[in-house]
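Remarks on the structure that follows.
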Amino acid sequence: MEMTESMSRWYIDAWCVFDGIVFASESEDRTNRPHVRTVFVTPPYWRPIALANPATALRATRGPFQDRLFNGAGEEIPFETLDEIIELARRAYVLGAYNTYEPPTNDMVMAVPMPPDRGAPSAALAAVLPMLHTVVDARHQERLANTIVETWGVLGVRKAFQSWCNEYCRWVAVTLAAGTSKQAGKYLREWLQAVFTMFGVEAVGKIMSDPRFANRFLRIAPADARALQQTLLDGLLMRLPAMRRDGSVGTLGDALALAFSSRLKLQSATLEDFLPVLFAGLALEITTAELRAVGEWISEGVPRLVPANHEAAVVLEALVERVARVGRLQVMDEITRWRDEDFALVVAERTERQEVLAREAALREEPEQERRRAEEVRRREANRAAQVQQQKVMVRTRTR
Amino acid sequence: MDQGTSYFQEDVSWPDRLQALFETENEESFARANFESLQTTAQDEITGVRMVVNIPADALLNFLRSKRYLNAYSRPVVGGKPRQPSPMRMQIDEWLGFDAPEAHYFGAVAMGGTGVRFYGEYCMVLRAEAVSPETRVFDRNSYDLARPPFAEIEDKQRIVRTLGGSWGEDLVSLVMMKLLASMRDVPWLITLGTISDEILHDEEFIEVHLRGEFSPDDIEEIRQAPEDESVALDIEHRYRAGAMPTTEEMLWRGRKMLVASAIAEPVEGEDGTPKRRVRSRVVVTAGRGNRWR
């Protein structure tokens with residue numbers, strides 16, 4: 001039994017990358033895909049479900065599932081445990097949040113979420129950031145959560161968060177003063193609901209007291225905690241804007257996607273990268289305001305099982321880099337384009353092969369007489385050419 | 001007559017196989033009456049059989065955005081490029097006798113229900129007119145050809161000839177033969193909920209090989225399973241009870257909202273007026289509610 005366990009590895013049979021659905025098999029010899037067992041894993045629970053028929057997994061590649069997972073050399077990548085595959089699927093799924101929500105347009109740019117004193121957090125960052133990408137087990141998770149509580153708790157992170165939300169309110173006022181665009185109105189209702197619930201009327205009181213905007217605000221009912229929780233779950237949190245390192249405006253969904261899918265991004269994380277993640281946790285933890293719970297949430301989310309030097313991590317990091325550089329939808333469009341090119345190639349090769357076969361068949365089917373007649377014609381032409389050549393030689397001889 | 005033998009009769013069409021089976025039945029048999037009932041319903045333009053294709057949320061959003069349904073073929077989203085399409089895939093394509101393997105899109109036969117949910121939580125139901133009568137069907141997952149007991153049989157074309165057929169001529173008889181394999185001696189009239197469950201259940205289904213792509217315009221409706229609504233509620237309830245949702249749970253729920261928005265988004269109709277892009281609903285479990293589909 002031990003022998004079997006040591007020899008068998010887990011492999012991905014089919015994977016719908018941004019949807020997180022994976023069919024995986026445990027196998028001792030992958031050559032003809034003999035399997036020990038096959039499972040199916042899907043979000044949001046990620047619990048493996050046994051499949052009676054491995055053909056169910058293989059058939060998935062007829063749809064939007066990719067066929068297995070290969071390294072750069074075209075070899076299939078094995079995994080020691082099923083948990084590694086599940087973590088990989090989870091990381092790629094979260095990466096799917098990148099670009100899922102459109103950030104505000106330039107005329108709607110909001111304040112950067114920054115703590116009141118940018119100098120102070122450097123100590124906390126020095127303590128927390130290196131730990132983000134070294135989480136490998138429950139003990140490390142505990143340490144990370146504790147450190148977040150100890151360092152960020154004393155630095156008044158809630159004050160920073162409140163400041164961030166106050167900036168939202170300021171933006172609301174500016175936007176309204178400029179005339180509410182359709183897009184601004186779409187964002188406005190949800191953000192106001194969030195701000196009302198999280199920070200009460202004090203934060204938005206100044207705006208409400210302005211008679212120019214009072215009527216508009218009164219039409220928007222303050223949300224209760226339940227309604228806010230629901231809207232946070234249904235995408236509000238992912239849509240909230242967050243400043244990127246390069247100064248452009250992205251979303252919290254983008255920030256979470258990179259932090260929770262890539263160890264390399266965590267290794268090079270800066271204040272601008274980490275704060276949106278922390279703020280996302282704080283926004284989620286609106287009911288009890290437990291910084292510890294936020295720490296645990298972050299430690300649960302960051303990559304922890306698959307080491308950075310694992311072949312699968314290397315190919316995933318390459319995808320993260322590409323998605324972050326050109327955008328997820330562009331990556332999908334690229335794949336569509338490649339697919340079309342592949343298909344065109346396959347069709348061209350098939351057409352060429354069919355033409356060759358047709359020519360060969362035509363030759364085989366050509367009536368024997370016609371073939372002989374053609375041979376006769378070729379022979380006569382050859383004779384005539386030879387005669388002409390001979391006559392030329394004779395003429396040259398006479399001339400001499 | 002041995003059921004297994006009549007099911008696997010070579011070079012005999014599905015309707016003839018069924019007819020041969022009926023000839024062995026006595027007058028009181030319910031099989032014939034059940035077949036007549038199935039024939040009427042399956043060929044009905046409203047309640048009849050459909051080709052369904054399951055798709056996960058993000059892939060569905062891409063499909064609605066790009067208006068193209070794609071099979072992944074050989075290009076992976078992540079990782080290096082395999083040297084060629086999987087040998088097994090090429091082998092199955094060859095056994096199935098496709099003239100253009102890359103131009104075939106796979107689905108399943110359904111009468112109600114939410115399709116093969118392993119392949120995605122959204123079940124796209126193609127309009128009846130989007131599937132031509134010449135479309136090929138296969139009585140099971142074609143990858144079963146590479147699994148025992150078929151793997152041991154050398155002449156795969158013979159199996160394909162025996163178990164394949166066409167949508168127009170063979171499908172209803174094929175469905176009935178499948179039903180009779182498990183319900184031949186049932187001494188009552190089978191209800192459509194039972195038929196729906198028998199046609200497509202868990203990992204078992206009748207495969208459809210549609211030649212050519214399809215677009216959102218070919219979709220009659222998108223069905224969702226009630227179980228997914230329960231999962232969404234479960235996440236929300238746990239959150240209200242104090243458990244912070246994971247990013248994946250938020251993304252999963254957020255995607256459901258995005259799909260709902262994308263489906264509800266109006267598109268311009270032929271006469272220039274806005275119309276609903278595609279119908280969508282959560283189905284009721286087959287045979288248990290007041291409606292079976």
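Within each chain, counting starts at residue 1; across the structure tokens, chains are named A, B, ... in the order shown, with ligands numbered 1 upward in that order.
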Residue contacts of Ala108 (chain B) (10 Å, only C-alpha atoms) excluding same-chain residues fewer than 4 positions away, as a compact mmCIF listing (two decimals) with N, CA and C atoms, in the first residue's frame:
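See around.txt below for the written result:
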# COMPACT_ATOMS: atom_id res chain seq x y z
N ARG B 50 -34.41 18.54 -26.60
CA ARG B 50 -33.53 19.63 -27.00
C ARG B 50 -32.07 19.20 -26.81
N MET B 51 -31.20 19.91 -27.53
CA MET B 51 -29.77 19.76 -27.26
C MET B 51 -29.43 20.79 -26.18
N VAL B 52 -28.72 20.34 -25.14
CA VAL B 52 -28.31 21.27 -24.09
C VAL B 52 -26.79 21.26 -23.97
N VAL B 53 -26.24 22.41 -23.62
CA VAL B 53 -24.80 22.54 -23.43
C VAL B 53 -24.59 23.25 -22.10
N ASN B 54 -23.86 22.61 -21.20
CA ASN B 54 -23.60 23.25 -19.91
C ASN B 54 -22.35 24.10 -19.98
N GLY B 115 -29.16 19.73 -17.38
CA GLY B 115 -28.02 19.23 -18.15
C GLY B 115 -27.01 18.45 -17.32
N VAL B 116 -25.79 18.38 -17.87
CA VAL B 116 -24.70 17.68 -17.20
C VAL B 116 -23.94 18.73 -16.40
N VAL B 125 -30.02 25.83 -23.41
CA VAL B 125 -30.91 24.98 -24.21
C VAL B 125 -30.98 25.56 -25.62
N VAL B 137 -26.06 11.72 -33.16
CA VAL B 137 -26.19 11.48 -31.72
C VAL B 137 -25.51 10.16 -31.39
N PHE B 138 -25.08 10.04 -30.16
CA PHE B 138 -24.41 8.82 -29.69
C PHE B 138 -25.05 8.47 -28.35
N ASP B 139 -25.32 7.24 -28.12
CA ASP B 139 -26.18 6.89 -26.97
C ASP B 139 -25.52 7.10 -25.62
N ARG B 140 -24.23 7.49 -25.60
CA ARG B 140 -23.52 7.70 -24.34
C ARG B 140 -22.33 8.64 -24.57
N ASN B 141 -21.61 8.91 -23.51
CA ASN B 141 -20.38 9.69 -23.61
C ASN B 141 -19.42 8.97 -24.56
N ILE B 199 -33.26 10.02 -19.25
CA ILE B 199 -32.48 10.47 -20.42
C ILE B 199 -31.14 11.04 -19.99
N LEU B 200 -31.18 11.84 -18.93
CA LEU B 200 -29.96 12.52 -18.51
C LEU B 200 -29.89 12.47 -16.99
N GLU B 204 -24.54 10.13 -16.80
CA GLU B 204 -25.03 9.40 -17.97
C GLU B 204 -25.92 10.29 -18.84
N PHE B 205 -25.63 10.29 -20.14
CA PHE B 205 -26.40 11.14 -21.05
C PHE B 205 -26.27 10.62 -22.48
N ILE B 206 -27.13 11.15 -23.34
CA ILE B 206 -27.01 10.86 -24.78
C ILE B 206 -26.27 12.04 -25.39
N GLU B 207 -25.20 11.76 -26.12
CA GLU B 207 -24.33 12.82 -26.62
C GLU B 207 -24.82 13.32 -27.98
N VAL B 208 -24.68 14.62 -28.19
CA VAL B 208 -25.03 15.23 -29.48
C VAL B 208 -23.76 15.83 -30.08
N HIS B 209 -23.54 15.62 -31.36
CA HIS B 209 -22.36 16.18 -32.03
C HIS B 209 -22.83 17.20 -33.07
Leaving out region 345-355 of chain A and any residue of its chain fewer than 2 positions from it, which residues lie within 10 Å of it when counting only C-alpha atoms, given as a ChimeraX atom specification? /A:339-343,357-361 /B:99-103
Interatomic distance between CA of Met7 (chain A) and CA of Leu145 (chain B)?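 A separation of 27.6 Å between them.
You can rank A:Ala386, A:Ala257, A:Leu82, A:Val315 by their closest distance to chain B using only C-alpha atoms, and at the top of that list sits A:Val315.
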Give the answer as one residue: which of B:Ala232, B:Met257, B:Leu189, B:Met111 has the shortest atom-to-atom distance to chain A, using only C-alpha atoms?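 Smallest separation from chain A among the options: B:Met257.
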List the spatial neighbours of Phe70 (chain A) as a PDB file with N, CA and C atoms, in the first residue's frame - criterion: any atom at most 7 Å away, only C-alpha atoms, same-chain residues fewer than 2 positions off excluded.
ATOM      1  N   ARG A  68      -5.595  18.982 -19.675  1.00  0.00           N
ATOM      2  CA  ARG A  68      -4.438  18.753 -18.779  1.00  0.00           C
ATOM      3  C   ARG A  68      -3.615  20.034 -18.514  1.00  0.00           C
ATOM      4  N   GLY A  72       6.583  24.191 -19.850  1.00  0.00           N
ATOM      5  CA  GLY A  72       7.069  24.809 -21.085  1.00  0.00           C
ATOM      6  C   GLY A  72       7.625  23.801 -22.076  1.00  0.00           C
ATOM      7  N   GLY A  74       6.372  20.982 -22.679  1.00  0.00           N
ATOM      8  CA  GLY A  74       5.295  20.151 -23.215  1.00  0.00           C
ATOM      9  C   GLY A  74       5.087  18.858 -22.439  1.00  0.00           C
ATOM     10  N   GLU A  75       5.630  18.815 -21.177  1.00  0.00           N
ATOM     11  CA  GLU A  75       5.433  17.608 -20.357  1.00  0.00           C
ATOM     12  C   GLU A  75       4.342  17.868 -19.331  1.00  0.00           C
ATOM     13  N   GLU A  76       3.574  16.846 -19.039  1.00  0.00           N
ATOM     14  CA  GLU A  76       2.479  17.005 -18.088  1.00  0.00           C
ATOM     15  C   GLU A  76       3.024  17.201 -16.671  1.00  0.00           C
ATOM     16  N   ILE A  77       2.394  18.102 -15.916  1.00  0.00           N
ATOM     17  CA  ILE A  77       2.890  18.435 -14.573  1.00  0.00           C
ATOM     18  C   ILE A  77       2.188  17.562 -13.526  1.00  0.00           C
TER      19      ILE A  77
ATOM     20  N   GLY B  79      -0.220  27.370 -18.676  1.00  0.00           N
ATOM     21  CA  GLY B  79       0.745  26.303 -18.922  1.00  0.00           C
ATOM     22  C   GLY B  79       1.256  26.299 -20.341  1.00  0.00           C
ATOM     23  N   GLY B  80       2.238  25.439 -20.584  1.00  0.00           N
ATOM     24  CA  GLY B  80       2.821  25.341 -21.917  1.00  0.00           C
ATOM     25  C   GLY B  80       1.857  24.690 -22.876  1.00  0.00           C
ATOM     26  N   LYS B  81       2.161  24.842 -24.161  1.00  0.00           N
ATOM     27  CA  LYS B  81       1.289  24.264 -25.175  1.00  0.00           C
ATOM     28  C   LYS B  81       1.611  22.775 -25.312  1.00  0.00           C
ATOM     29  N   PRO B  82       0.603  21.920 -25.241  1.00  0.00           N
ATOM     30  CA  PRO B  82       0.882  20.512 -25.500  1.00  0.00           C
ATOM     31  C   PRO B  82       1.358  20.348 -26.931  1.00  0.00           C
TER      32      PRO B  82
END
For chain A against chain B, which residues fall within 7 Å using only C-alpha atoms, given as a ChimeraX atom specification? /A:17-19,44,55-56,58-67,69-74,94,97,230,233-235,284-285,315-316,319,335,339,343
Keeping only N, CA and C atoms, write the selected residues as a JSON list (two decimals), in the first residue's frame.
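Written output follows (again23.json):
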[["chain", "number", "residue", "atom", "x", "y", "z"],
["A", 17, "VAL", "N", -10.12, 27.16, -16.26],
["A", 17, "VAL", "CA", -9.21, 27.90, -15.38],
["A", 17, "VAL", "C", -9.91, 29.02, -14.60],
["A", 18, "PHE", "N", -10.56, 29.96, -15.30],
["A", 18, "PHE", "CA", -11.14, 31.11, -14.59],
["A", 18, "PHE", "C", -12.47, 30.78, -13.93],
["A", 19, "ASP", "N", -12.97, 29.57, -14.17],
["A", 19, "ASP", "CA", -14.19, 29.14, -13.47],
["A", 19, "ASP", "C", -13.86, 28.19, -12.33],
["A", 44, "PRO", "N", -18.08, 27.03, -4.93],
["A", 44, "PRO", "CA", -17.27, 27.75, -3.94],
["A", 44, "PRO", "C", -16.78, 26.87, -2.79],
["A", 55, "ALA", "N", -14.24, 8.81, -17.97],
["A", 55, "ALA", "CA", -14.59, 9.37, -19.28],
["A", 55, "ALA", "C", -15.33, 10.70, -19.11],
["A", 56, "THR", "N", -16.04, 10.86, -17.99],
["A", 56, "THR", "CA", -16.75, 12.12, -17.72],
["A", 56, "THR", "C", -15.75, 13.27, -17.67],
["A", 58, "LEU", "N", -12.66, 13.31, -19.11],
["A", 58, "LEU", "CA", -12.01, 13.52, -20.40],
["A", 58, "LEU", "C", -12.93, 14.27, -21.37],
["A", 59, "ARG", "N", -14.21, 13.99, -21.28],
["A", 59, "ARG", "CA", -15.20, 14.61, -22.17],
["A", 59, "ARG", "C", -15.29, 16.12, -21.95],
["A", 60, "ALA", "N", -14.88, 16.59, -20.76],
["A", 60, "ALA", "CA", -14.98, 18.02, -20.45],
["A", 60, "ALA", "C", -14.18, 18.88, -21.43],
["A", 61, "THR", "N", -13.11, 18.31, -22.02],
["A", 61, "THR", "CA", -12.28, 19.10, -22.92],
["A", 61, "THR", "C", -12.99, 19.38, -24.25],
["A", 62, "ARG", "N", -14.17, 18.84, -24.44],
["A", 62, "ARG", "CA", -14.95, 19.18, -25.63],
["A", 62, "ARG", "C", -15.62, 20.53, -25.48],
["A", 63, "GLY", "N", -15.60, 21.07, -24.27],
["A", 63, "GLY", "CA", -16.17, 22.39, -24.02],
["A", 63, "GLY", "C", -15.07, 23.38, -23.70],
["A", 64, "PRO", "N", -15.32, 24.34, -22.81],
["A", 64, "PRO", "CA", -14.30, 25.37, -22.54],
["A", 64, "PRO", "C", -13.22, 24.94, -21.55],
["A", 65, "PHE", "N", -13.08, 23.64, -21.29],
["A", 65, "PHE", "CA", -12.04, 23.16, -20.37],
["A", 65, "PHE", "C", -10.75, 22.92, -21.14],
["A", 66, "GLN", "N", -9.62, 23.32, -20.54],
["A", 66, "GLN", "CA", -8.36, 23.01, -21.19],
["A", 66, "GLN", "C", -7.98, 21.56, -20.89],
["A", 67, "ASP", "N", -7.22, 20.98, -21.82],
["A", 67, "ASP", "CA", -6.82, 19.59, -21.71],
["A", 67, "ASP", "C", -5.54, 19.50, -20.88],
["A", 69, "LEU", "N", -2.47, 19.87, -17.87],
["A", 69, "LEU", "CA", -1.59, 21.02, -17.58],
["A", 69, "LEU", "C", -0.17, 20.63, -17.94],
["A", 70, "PHE", "N", 0.46, 21.44, -18.78],
["A", 70, "PHE", "CA", 1.79, 21.13, -19.27],
["A", 70, "PHE", "C", 2.79, 22.21, -18.87],
["A", 71, "ASN", "N", 4.06, 21.79, -18.75],
["A", 71, "ASN", "CA", 5.10, 22.80, -18.53],
["A", 71, "ASN", "C", 5.59, 23.32, -19.89],
["A", 72, "GLY", "N", 6.58, 24.19, -19.85],
["A", 72, "GLY", "CA", 7.07, 24.81, -21.09],
["A", 72, "GLY", "C", 7.62, 23.80, -22.08],
["A", 73, "ALA", "N", 8.10, 22.66, -21.55],
["A", 73, "ALA", "CA", 8.68, 21.64, -22.43],
["A", 73, "ALA", "C", 7.62, 20.71, -23.00],
["A", 74, "GLY", "N", 6.37, 20.98, -22.68],
["A", 74, "GLY", "CA", 5.30, 20.15, -23.21],
["A", 74, "GLY", "C", 5.09, 18.86, -22.44],
["A", 94, "VAL", "N", -9.45, 32.96, -8.37],
["A", 94, "VAL", "CA", -9.42, 34.31, -7.82],
["A", 94, "VAL", "C", -8.79, 35.28, -8.82],
["A", 97, "ALA", "N", -10.94, 37.29, -10.99],
["A", 97, "ALA", "CA", -11.60, 38.53, -10.55],
["A", 97, "ALA", "C", -10.95, 39.75, -11.19],
["A", 230, "GLN", "N", -25.23, 41.74, 1.85],
["A", 230, "GLN", "CA", -25.65, 41.11, 0.60],
["A", 230, "GLN", "C", -25.00, 41.79, -0.61],
["A", 233, "LEU", "N", -21.34, 40.89, -0.86],
["A", 233, "LEU", "CA", -21.18, 39.54, -1.42],
["A", 233, "LEU", "C", -21.44, 39.51, -2.91],
["A", 234, "ASP", "N", -22.40, 40.29, -3.33],
["A", 234, "ASP", "CA", -22.82, 40.23, -4.73],
["A", 234, "ASP", "C", -21.95, 41.07, -5.66],
["A", 235, "GLY", "N", -20.84, 41.57, -5.16],
["A", 235, "GLY", "CA", -19.91, 42.22, -6.06],
["A", 235, "GLY", "C", -19.52, 43.63, -5.70],
["A", 284, "LEU", "N", -15.41, 43.83, 4.86],
["A", 284, "LEU", "CA", -16.20, 42.61, 5.05],
["A", 284, "LEU", "C", -16.56, 42.40, 6.52],
["A", 285, "GLU", "N", -15.67, 42.82, 7.38],
["A", 285, "GLU", "CA", -15.86, 42.57, 8.81],
["A", 285, "GLU", "C", -16.63, 43.72, 9.46],
["A", 315, "VAL", "N", 4.02, 28.18, -14.10],
["A", 315, "VAL", "CA", 3.13, 28.48, -15.24],
["A", 315, "VAL", "C", 1.96, 29.37, -14.80],
["A", 316, "LEU", "N", 1.53, 29.19, -13.55],
["A", 316, "LEU", "CA", 0.45, 30.06, -13.07],
["A", 316, "LEU", "C", 0.94, 31.50, -12.92],
["A", 319, "LEU", "N", 0.91, 33.24, -16.07],
["A", 319, "LEU", "CA", -0.45, 33.69, -16.44],
["A", 319, "LEU", "C", -0.82, 34.95, -15.66],
["A", 335, "ILE", "N", -6.34, 33.94, -26.62],
["A", 335, "ILE", "CA", -6.51, 32.49, -26.71],
["A", 335, "ILE", "C", -7.50, 32.15, -27.81],
["A", 339, "ARG", "N", -6.66, 29.98, -31.04],
["A", 339, "ARG", "CA", -7.49, 28.81, -31.36],
["A", 339, "ARG", "C", -7.91, 28.86, -32.83],
["A", 343, "PHE", "N", -7.03, 26.22, -35.65],
["A", 343, "PHE", "CA", -8.07, 25.58, -36.45],
["A", 343, "PHE", "C", -7.80, 25.78, -37.94]]
Enumerate, in order of chain and increasing residue number, the residues of region 256-283 of chain A with an atom no farther than 12 Å from region 130-141 of chain A, each with its shortest atom pair and distance in Å to one decimal, counting only C-alpha atoms, as CSV.
residue,atom,partner,partner_atom,distance
A:Ala259,CA,A:Leu132,CA,9.0
A:Phe260,CA,A:Leu132,CA,9.8
A:Ser261,CA,A:His133,CA,10.8
A:Ser262,CA,A:His133,CA,8.7
A:Arg263,CA,A:His133,CA,5.5
A:Leu264,CA,A:His133,CA,7.9
A:Lys265,CA,A:His133,CA,8.8
A:Leu266,CA,A:His133,CA,5.7
A:Gln267,CA,A:His133,CA,5.9
A:Ser268,CA,A:Pro130,CA,8.9
A:Ala269,CA,A:Pro130,CA,8.7
A:Thr270,CA,A:Pro130,CA,10.5
A:Asp273,CA,A:Leu132,CA,11.7
A:Phe274,CA,A:Leu132,CA,9.7
A:Val277,CA,A:Leu132,CA,11.5
Would you list, as a PDB file with C-alpha atoms, in the first residue's frame, the residues of region 116-216 of chain B that end up in alpha helix (DSSP H) under DSSP run on this structure's backbone?
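What ended up in out-v2.pdb:
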ATOM      1  CA  LYS B 156     -14.557   0.702 -32.803  1.00  0.00           C
ATOM      2  CA  GLN B 157     -16.302   1.789 -36.005  1.00  0.00           C
ATOM      3  CA  ARG B 158     -18.658  -1.130 -35.516  1.00  0.00           C
ATOM      4  CA  ILE B 159     -19.553   0.126 -32.028  1.00  0.00           C
ATOM      5  CA  VAL B 160     -20.038   3.658 -33.348  1.00  0.00           C
ATOM      6  CA  ARG B 161     -22.295   2.392 -36.135  1.00  0.00           C
ATOM      7  CA  THR B 162     -24.301   0.402 -33.615  1.00  0.00           C
ATOM      8  CA  LEU B 163     -24.669   3.048 -30.918  1.00  0.00           C
ATOM      9  CA  LEU B 171     -33.319   9.815 -31.460  1.00  0.00           C
ATOM     10  CA  VAL B 172     -36.787   8.997 -30.150  1.00  0.00           C
ATOM     11  CA  SER B 173     -36.298   5.255 -30.683  1.00  0.00           C
ATOM     12  CA  LEU B 174     -32.858   5.474 -29.085  1.00  0.00           C
ATOM     13  CA  VAL B 175     -34.331   7.217 -26.036  1.00  0.00           C
ATOM     14  CA  MET B 176     -37.026   4.545 -25.793  1.00  0.00           C
ATOM     15  CA  MET B 177     -34.462   1.747 -26.050  1.00  0.00           C
ATOM     16  CA  LYS B 178     -32.514   3.328 -23.200  1.00  0.00           C
ATOM     17  CA  LEU B 179     -35.671   3.608 -21.132  1.00  0.00           C
ATOM     18  CA  LEU B 180     -36.591  -0.008 -21.790  1.00  0.00           C
ATOM     19  CA  ALA B 181     -33.139  -1.141 -20.717  1.00  0.00           C
ATOM     20  CA  SER B 182     -34.040  -0.209 -17.159  1.00  0.00           C
ATOM     21  CA  MET B 183     -37.836   0.000 -17.215  1.00  0.00           C
ATOM     22  CA  LEU B 192     -42.418  12.587 -18.330  1.00  0.00           C
ATOM     23  CA  GLY B 193     -40.527  13.479 -15.152  1.00  0.00           C
ATOM     24  CA  THR B 194     -39.255   9.912 -15.013  1.00  0.00           C
ATOM     25  CA  ILE B 195     -38.345   9.998 -18.703  1.00  0.00           C
ATOM     26  CA  SER B 196     -36.501  13.282 -18.187  1.00  0.00           C
ATOM     27  CA  ASP B 197     -34.479  11.750 -15.348  1.00  0.00           C
ATOM     28  CA  GLU B 198     -33.707   8.615 -17.336  1.00  0.00           C
ATOM     29  CA  ILE B 199     -32.480  10.471 -20.416  1.00  0.00           C
TER      30      ILE B 199
END
One decimal, Å: what's the distance from CA of Leu96 (chain B) over to CA of Glu365 (chain A), could you say?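 For CA of Leu96 (chain B) relative to CA of Glu365 (chain A), the distance reads 27.7 Å.
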